[in-house]
Each structure stands twice: as structure tokens, then as C-alpha cells.
Amino acid sequence: MTPQTLPLFSASPGLQHTLTVLRFGTSGGPVATIQAALHADEVPALLVAQALRRQLTVLEAAGQLIGEVRLVPYANPIGLAQQVLARDQGRFDLRDGLNFNRGYADLSEAAATALAGRLGDDARTNVRLARAALRDAAAALTVQTPVQDLKRQLLQLAIDADVVLDLHCDSEAVLHLYAHTLQADLAHELGALLGAQAVLLAEESGDSPFDEACSRPGPALQKRFPAHPMPLPCFSTTVELRGEADTDHALAEADAAALIEFLRRRGIVAGAPAPLPVARCEPTLLAASEPVTAPRPGVVVFHAQPGEHIEVGQTVADIVDVDTGERLPLRAQSAGVLYARINTRWAVPGTRVAKIAGRTLVRTGKLLSA
Ligand SMILES: [Zn+2]
């Protein structure tokens, strides 16, 4: 393993954040980039990264790494340093309020311009050229703040990888994934290995999260150059490692082993893959995921747990009015698994108190939480 320390753009004299990358294996083969906790304080992801470090170190010593694994054990050192009034604030940049997992550059157009007239009939060569063009496009992004530089450097570490695993967690949740609709099969496979209880698919969920910035150029380039064969160069997914409080050594080791098994199936780790476990869910569309939303302020009293299958009309939670004591039941519009819920118990109008992996809703616009 080769550790690397990447300095981030400094906007203030005497202040320098750095990004750490642990590089395992050898270059020249397939590549996986795994990053932990882009939302900084999503600590189960930080723990799984440490389990990955141990397991990858053993595999590397045994000569079992065919490709390269770039492990970013804490992807957001800027967010990790944000504490306000005794609370961690890892989701939004305190400088401008923007979500650390939104606003990643779509490099499709720049890569397409660079590739015009250069693609041929060989799919492998085309993929290689596409990855190089994307790498160049990421390197050319302009940077004026430390966070812009963080985003650029994270993209540079991932944009030319075969596999990108962006490890997060939700508030209170069962394990679930987000992936591109065209890559439902790979998402389903990873979901089966991890025991995911929801696999949510979208072509575009809104505001360009990191996983989509990595997965979106492939289909865009295929569309732009239909006469030239090019398999999708990158499978990218957001892995939600349950809820914020779910730090457990045994779970983390098992999650890391499942991620490594996925890399074995992609030819990055040596050895015959084990039989795929029976999946706990089928992929569903993110547009059909139901945010159960509070219409007015009040105390949240849940009637359903993460992982529970919900029926249409079932009461997921009550909102208790603190002026009148009245209980307002929040009922599900769609059937499916309740895969996440908030970890506070006070709602304001618009609070999404829970999310259900349904099949019947057709939402449009921005599909992710703020
Ligand atoms: Zn997150």
C-alpha cells in the first residue's frame, strides 16, 4: 500500500487541509476507487474504510490484487473539521450552505469534444480514450475555494475507475444503494452481496451528486458516438451503510468483505467468486421512492421501523401538535420497504420523516433529500 497526501487549495494563510489516499495493488489493470464519508460525519463509512484497509493489506501481501484500489478513508477533511455549537456539521459547507455531495462537474461535454474524430472500432481502445479524456477534463476544472478543489481532486481519483463506491450512511436506515438505471444489474449484484434492502435507480436525481458525476459520462458518450462501440466505462454507486449510529466492528468487517467480493467479481481481486447470496430486494426507481413528509410542525412518533414493509395507507408516524395535542397520522401512499427515517423527533412543515422504496409514484424534479 502506498499512502499519498494531497494538499488542498488553501484560501486562508496558515490553513492547509489535505486529502489522504491509500493506493493498493498495481496500476495497469482494472481500478476501483472507494471513498468514505463525503458527508464527513457519516461515521459507519469511516469504520468500513478501516476494515477495507485491513482486508486489502492482507490481500495485497498475498499477491491477490490484480488491479488497483484507491481508498480514500475520509473523503471530506473540510467537513470533518466543522463543529458548530457542539454538533458535527458534515453535510453542508458552512461557507455557502451547499451540500458536499452536490454540484459535481458533468465532464461529458468536455470529454466528447476531446474525443471527436478519435474513436474507432475497438471497444477497449475507445474506453481507454474516454477515460483519458475524462481524466484531462477533471484536471482542467477551475478551482477558487478549498471545497471546489476537494471536489476536483475526488473526481480525479474516480473518473477513470472501473468501479466507484461512494460510502455514506443515512440518519436511521437499513443498508441501501443508489445507482444509474442502466447499471441495474451491477447494482442488484452489489446489493445482494451487501444484503441491501433497497436499490434505488435514476438516470439523473438532480444537482449532480458524486456517484452520478462518475456514472453519467458513459451513457452520454455512448449517445454522442453511436457508431463506435464503447461499453460503459464506470460503474458508480452510493452505498448507504445503514444509520449514523450503526458503528459495529462485525458489521463493518462483513460490509468490507462484501465490497471486496464485488471487486473480485469485477476482476480487481484474484480468486473465484463465491455464489451470489439471494438478494433481499429488487431494484426500484428513485422516482418512485416516497418521502413521507410532515405538513406541519410537531413531535414525531414513529409506528414503523427501518426495514419494515409498509402497505398503502399504513400509518408510518404521527405528528403531535404541541398546541392541541392532536395526533396527525402520516400514511404511506405506496407499498414498499421503509429504508430510512430521520433520527430527530421534531418535524417542521416539509420535513421528510421517512422514505419508502415504492413502485407506484412517479416523482419529477430533484429526487434526493436536501
Ligand atoms: Zn451522505
# chains A, B, ... in the order shown; residues from 1 in each chain; ligands from 1

call {"tool": "closest_atom_pairs", "arguments": {"of": "chain A", "to": "ligand 1", "cutoff": "10 Å", "atoms": "only C-alpha atoms and all ligand atoms", "output": "CSV"}}
result
residue,atom,partner,partner_atom_place_in_ligand_line,distance
A:Ala36,CA,ligand 1,1 (Zn),9.4
A:Ala37,CA,ligand 1,1 (Zn),6.6
A:Leu38,CA,ligand 1,1 (Zn),6.2
A:His39,CA,ligand 1,1 (Zn),4.8
A:Ala40,CA,ligand 1,1 (Zn),8.1
A:Asp41,CA,ligand 1,1 (Zn),8.8
A:Glu42,CA,ligand 1,1 (Zn),6.6
A:Ala45,CA,ligand 1,1 (Zn),9.4
A:Gly90,CA,ligand 1,1 (Zn),8.9
A:Arg91,CA,ligand 1,1 (Zn),7.0
A:Asn99,CA,ligand 1,1 (Zn),9.4
A:Phe100,CA,ligand 1,1 (Zn),8.6
A:Asn101,CA,ligand 1,1 (Zn),7.1
A:Asp166,CA,ligand 1,1 (Zn),8.8
A:Leu167,CA,ligand 1,1 (Zn),7.7
A:His168,CA,ligand 1,1 (Zn),4.5
A:Cys169,CA,ligand 1,1 (Zn),5.5
A:Asp170,CA,ligand 1,1 (Zn),6.4
A:Ser171,CA,ligand 1,1 (Zn),9.2
A:Pro209,CA,ligand 1,1 (Zn),9.9
A:Thr238,CA,ligand 1,1 (Zn),8.4
A:Val239,CA,ligand 1,1 (Zn),8.9
A:Glu240,CA,ligand 1,1 (Zn),7.3
A:Leu241,CA,ligand 1,1 (Zn),9.5
A:Glu244,CA,ligand 1,1 (Zn),9.9

call {"tool": "atom_distance", "arguments": {"atom1": "CA of Ala132 (chain A)", "atom2": "CA of Ile159 (chain A)"}}
result
9.2 Å

call {"tool": "residues_around", "arguments": {"residues": "Ala187 (chain A)", "least_positions_apart": "6", "cutoff": "8 Å", "atoms": "only C-alpha atoms", "output": "ChimeraX atom specification"}}
result
/A:177-179,199,237,283

call {"tool": "write_last_selection", "arguments": {"atoms": "N, CA and C atoms", "output": "short mmCIF file (atom, residue, chain, number, x, y, z; two decimals), in the first residue's frame"}}
result
data_model
loop_
_atom_site.label_atom_id
_atom_site.label_comp_id
_atom_site.auth_asym_id
_atom_site.auth_seq_id
_atom_site.Cartn_x
_atom_site.Cartn_y
_atom_site.Cartn_z
N LEU A 177 -28.74 1.30 -1.63
CA LEU A 177 -27.83 1.79 -2.68
C LEU A 177 -28.55 2.75 -3.62
N TYR A 178 -27.78 3.63 -4.23
CA TYR A 178 -28.25 4.45 -5.35
C TYR A 178 -27.34 4.17 -6.55
N ALA A 179 -27.93 4.01 -7.72
CA ALA A 179 -27.10 3.75 -8.91
C ALA A 179 -27.83 4.21 -10.16
N VAL A 199 -32.56 -0.82 -3.49
CA VAL A 199 -31.61 -0.42 -4.54
C VAL A 199 -32.37 0.56 -5.42
N THR A 237 -21.67 3.94 -7.63
CA THR A 237 -22.84 3.79 -6.77
C THR A 237 -22.61 4.47 -5.43
N PRO A 283 -34.21 -4.01 -7.55
CA PRO A 283 -34.07 -2.56 -7.73
C PRO A 283 -35.41 -1.90 -8.04
#

call {"tool": "closest_atom_pairs", "arguments": {"of": "region 47-135 of chain A", "to": "region 10-26 of chain A", "cutoff": "12 Å", "atoms": "only C-alpha atoms", "output": "Markdown table"}}
result
| residue | atom | partner | partner_atom | distance |
| --- | --- | --- | --- | --- |
| A:Ala49 | CA | A:Leu22 | CA | 10.4 |
| A:Gln50 | CA | A:Leu22 | CA | 10.9 |
| A:Leu52 | CA | A:Leu22 | CA | 10.6 |
| A:Arg53 | CA | A:Leu22 | CA | 8.1 |
| A:Arg54 | CA | A:Phe24 | CA | 11.2 |
| A:Gln55 | CA | A:Phe24 | CA | 10.8 |
| A:Leu56 | CA | A:Phe24 | CA | 7.1 |
| A:Thr57 | CA | A:Phe24 | CA | 7.6 |
| A:Val58 | CA | A:Phe24 | CA | 10.5 |
| A:Leu59 | CA | A:Gly25 | CA | 9.0 |
| A:Glu60 | CA | A:Gly25 | CA | 6.2 |
| A:Ala61 | CA | A:Gly25 | CA | 9.4 |
| A:Ala62 | CA | A:Gly25 | CA | 10.8 |
| A:Gly63 | CA | A:Gly25 | CA | 8.3 |
| A:Gln64 | CA | A:Gly25 | CA | 8.4 |
| A:Leu65 | CA | A:Gly25 | CA | 5.2 |
| A:Ile66 | CA | A:Gly25 | CA | 6.7 |
| A:Gly67 | CA | A:Thr26 | CA | 5.6 |
| A:Glu68 | CA | A:Gly25 | CA | 4.6 |
| A:Val69 | CA | A:Phe24 | CA | 5.0 |
| A:Arg70 | CA | A:Arg23 | CA | 4.7 |
| A:Leu71 | CA | A:Leu22 | CA | 5.0 |
| A:Val72 | CA | A:Val21 | CA | 4.7 |
| A:Pro73 | CA | A:Thr20 | CA | 7.1 |
| A:Tyr74 | CA | A:Thr20 | CA | 7.4 |
| A:Ala75 | CA | A:Leu19 | CA | 7.0 |
| A:Asn76 | CA | A:Leu19 | CA | 7.7 |
| A:Pro77 | CA | A:His17 | CA | 6.8 |
| A:Ile78 | CA | A:His17 | CA | 6.8 |
| A:Gly79 | CA | A:His17 | CA | 10.5 |
| A:Leu80 | CA | A:His17 | CA | 10.6 |
| A:Ala81 | CA | A:His17 | CA | 9.5 |
| A:Arg95 | CA | A:Ala11 | CA | 11.7 |

call {"tool": "atom_distance", "arguments": {"atom1": "CA of Gly218 (chain A)", "atom2": "CA of Leu232 (chain A)"}}
result
5.0 Å

call {"tool": "closest_residue", "arguments": {"among": "A:Val174, A:Ala112, A:Ile319, A:Ala140", "to": "Ala245 (chain A)", "atoms": "only C-alpha atoms"}}
result
A:Val174

call {"tool": "residues_around", "arguments": {"residues": "Glu308 (chain A)", "least_positions_apart": "6", "cutoff": "12 Å", "atoms": "only C-alpha atoms", "output": "MDAnalysis selection string"}}
result
chainID A and resid 173:174 197:198 302 314 316 335:341 354:357

call {"tool": "select_by_dssp", "arguments": {"residues": "region 123-222 of chain A", "states": "alpha helix (DSSP H)", "output": "count of residues only"}}
result
53

call {"tool": "atom_distance", "arguments": {"atom1": "CA of Asp96 (chain A)", "atom2": "CA of Phe9 (chain A)"}}
result
16.7 Å

call {"tool": "closest_residue", "arguments": {"among": "A:Ala137, A:Arg359, A:Ala347, A:Glu172", "to": "Thr247 (chain A)", "atoms": "only C-alpha atoms"}}
result
A:Glu172

call {"tool": "closest_residue", "arguments": {"among": "A:Leu107, A:Leu285, A:Arg118, A:Ala184", "to": "Arg152 (chain A)", "atoms": "only C-alpha atoms"}}
result
A:Leu107

call {"tool": "residues_around", "arguments": {"residues": "Arg296 (chain A)", "least_positions_apart": "5", "cutoff": "12 Å", "atoms": "only C-alpha atoms", "output": "list in words"}}
result
Asp318, Ile319, Val320, Asp321, Val322, Asp323, Glu326, Arg327, Leu328, Pro329, Leu330, Trp346, Ala347, Val348, Pro349, Gly350, Thr351, Arg352 and Val353 of chain A

call {"tool": "select_by_dssp", "arguments": {"residues": "region 205-343 of chain A", "states": "strand (DSSP E)", "output": "short mmCIF file (atom, residue, chain, number, x, y, z; two decimals) with N, CA and C atoms, in the first residue's frame"}}
result
data_model
loop_
_atom_site.label_atom_id
_atom_site.label_comp_id
_atom_site.auth_asym_id
_atom_site.auth_seq_id
_atom_site.Cartn_x
_atom_site.Cartn_y
_atom_site.Cartn_z
N PHE A 235 -18.83 1.83 -13.37
CA PHE A 235 -19.98 1.56 -12.50
C PHE A 235 -19.77 2.34 -11.22
N SER A 236 -20.69 3.24 -10.93
CA SER A 236 -20.56 4.11 -9.77
C SER A 236 -21.84 4.01 -8.94
N THR A 237 -21.67 3.94 -7.63
CA THR A 237 -22.84 3.79 -6.77
C THR A 237 -22.61 4.47 -5.43
N THR A 238 -23.69 4.94 -4.83
CA THR A 238 -23.66 5.42 -3.45
C THR A 238 -24.16 4.30 -2.56
N VAL A 239 -23.33 3.94 -1.58
CA VAL A 239 -23.68 2.85 -0.65
C VAL A 239 -24.03 3.49 0.69
N GLU A 240 -25.26 3.34 1.12
CA GLU A 240 -25.70 3.91 2.40
C GLU A 240 -25.58 2.81 3.46
N LEU A 241 -24.55 2.96 4.31
CA LEU A 241 -24.23 1.91 5.28
C LEU A 241 -25.06 2.09 6.56
N ARG A 242 -26.36 1.93 6.38
CA ARG A 242 -27.35 2.00 7.48
C ARG A 242 -27.41 3.41 8.08
N GLY A 243 -27.60 3.49 9.44
CA GLY A 243 -27.82 4.79 10.07
C GLY A 243 -26.58 5.32 10.75
N THR A 284 -35.57 -0.68 -7.55
CA THR A 284 -36.76 0.12 -7.85
C THR A 284 -36.31 1.52 -8.27
N LEU A 285 -37.21 2.27 -8.87
CA LEU A 285 -36.84 3.60 -9.35
C LEU A 285 -36.85 4.62 -8.20
N SER A 289 -39.62 6.38 -5.14
CA SER A 289 -39.37 6.40 -3.70
C SER A 289 -40.25 7.48 -3.05
N GLU A 290 -40.91 7.11 -1.98
CA GLU A 290 -41.85 8.06 -1.37
C GLU A 290 -41.25 8.75 -0.15
N PRO A 291 -41.09 10.07 -0.20
CA PRO A 291 -40.73 10.78 1.02
C PRO A 291 -42.01 11.05 1.83
N VAL A 292 -42.10 10.45 2.99
CA VAL A 292 -43.26 10.69 3.86
C VAL A 292 -43.00 12.00 4.58
N THR A 293 -43.84 13.00 4.31
CA THR A 293 -43.49 14.38 4.65
C THR A 293 -44.46 14.97 5.67
N GLY A 298 -44.42 19.49 14.72
CA GLY A 298 -44.88 18.67 15.83
C GLY A 298 -43.88 17.60 16.20
N VAL A 299 -44.26 16.87 17.23
CA VAL A 299 -43.42 15.77 17.72
C VAL A 299 -43.66 14.54 16.83
N VAL A 300 -42.57 13.90 16.42
CA VAL A 300 -42.69 12.72 15.56
C VAL A 300 -42.71 11.47 16.44
N VAL A 301 -43.75 10.67 16.27
CA VAL A 301 -43.82 9.36 16.95
C VAL A 301 -43.95 8.30 15.87
N PHE A 302 -42.91 7.50 15.71
CA PHE A 302 -42.92 6.51 14.63
C PHE A 302 -43.75 5.28 14.99
N HIS A 309 -41.72 -3.65 5.89
CA HIS A 309 -42.52 -3.50 4.67
C HIS A 309 -43.81 -2.76 5.03
N ILE A 310 -44.08 -1.71 4.27
CA ILE A 310 -45.21 -0.84 4.54
C ILE A 310 -46.29 -1.08 3.48
N THR A 315 -50.06 3.77 8.68
CA THR A 315 -49.52 4.93 9.40
C THR A 315 -48.05 4.69 9.70
N VAL A 316 -47.21 5.57 9.16
CA VAL A 316 -45.77 5.46 9.37
C VAL A 316 -45.37 6.19 10.65
N ALA A 317 -46.02 7.33 10.90
CA ALA A 317 -45.68 8.13 12.09
C ALA A 317 -46.86 9.04 12.41
N ASP A 318 -46.91 9.50 13.63
CA ASP A 318 -47.84 10.57 13.99
C ASP A 318 -47.04 11.86 14.16
N ILE A 319 -47.68 12.97 13.80
CA ILE A 319 -47.15 14.28 14.16
C ILE A 319 -48.08 14.82 15.26
N VAL A 320 -47.52 15.07 16.42
CA VAL A 320 -48.33 15.51 17.56
C VAL A 320 -48.22 17.03 17.70
N ARG A 327 -53.18 14.31 17.22
CA ARG A 327 -52.25 13.43 16.50
C ARG A 327 -52.63 13.39 15.03
N LEU A 328 -51.68 13.78 14.20
CA LEU A 328 -51.92 13.71 12.75
C LEU A 328 -51.19 12.48 12.21
N PRO A 329 -51.90 11.46 11.75
CA PRO A 329 -51.20 10.29 11.22
C PRO A 329 -50.64 10.56 9.82
N LEU A 330 -49.38 10.19 9.60
CA LEU A 330 -48.79 10.27 8.26
C LEU A 330 -48.89 8.88 7.63
N ARG A 331 -49.70 8.76 6.60
CA ARG A 331 -49.96 7.45 5.99
C ARG A 331 -49.19 7.30 4.68
N GLY A 336 -44.02 -0.70 0.10
CA GLY A 336 -42.58 -0.92 -0.11
C GLY A 336 -41.85 -0.92 1.22
N VAL A 337 -40.53 -1.05 1.15
CA VAL A 337 -39.72 -1.10 2.38
C VAL A 337 -39.42 0.32 2.85
N LEU A 338 -39.66 0.57 4.13
CA LEU A 338 -39.22 1.83 4.74
C LEU A 338 -37.71 1.68 4.92
N TYR A 339 -36.93 2.41 4.11
CA TYR A 339 -35.48 2.17 4.14
C TYR A 339 -34.73 3.21 4.95
N ALA A 340 -35.35 4.35 5.27
CA ALA A 340 -34.66 5.35 6.08
C ALA A 340 -35.67 6.23 6.79
N ARG A 341 -35.27 6.75 7.94
CA ARG A 341 -36.10 7.73 8.63
C ARG A 341 -35.19 8.69 9.37
#

call {"tool": "closest_residue", "arguments": {"among": "A:Leu115, A:Ala105, A:Leu286, A:Leu134", "to": "Gln148 (chain A)", "atoms": "only C-alpha atoms"}}
result
A:Ala105

call {"tool": "closest_residue", "arguments": {"among": "A:Gly358, A:Pro231, A:Gly325, A:Pro273", "to": "Pro297 (chain A)", "atoms": "only C-alpha atoms"}}
result
A:Gly325
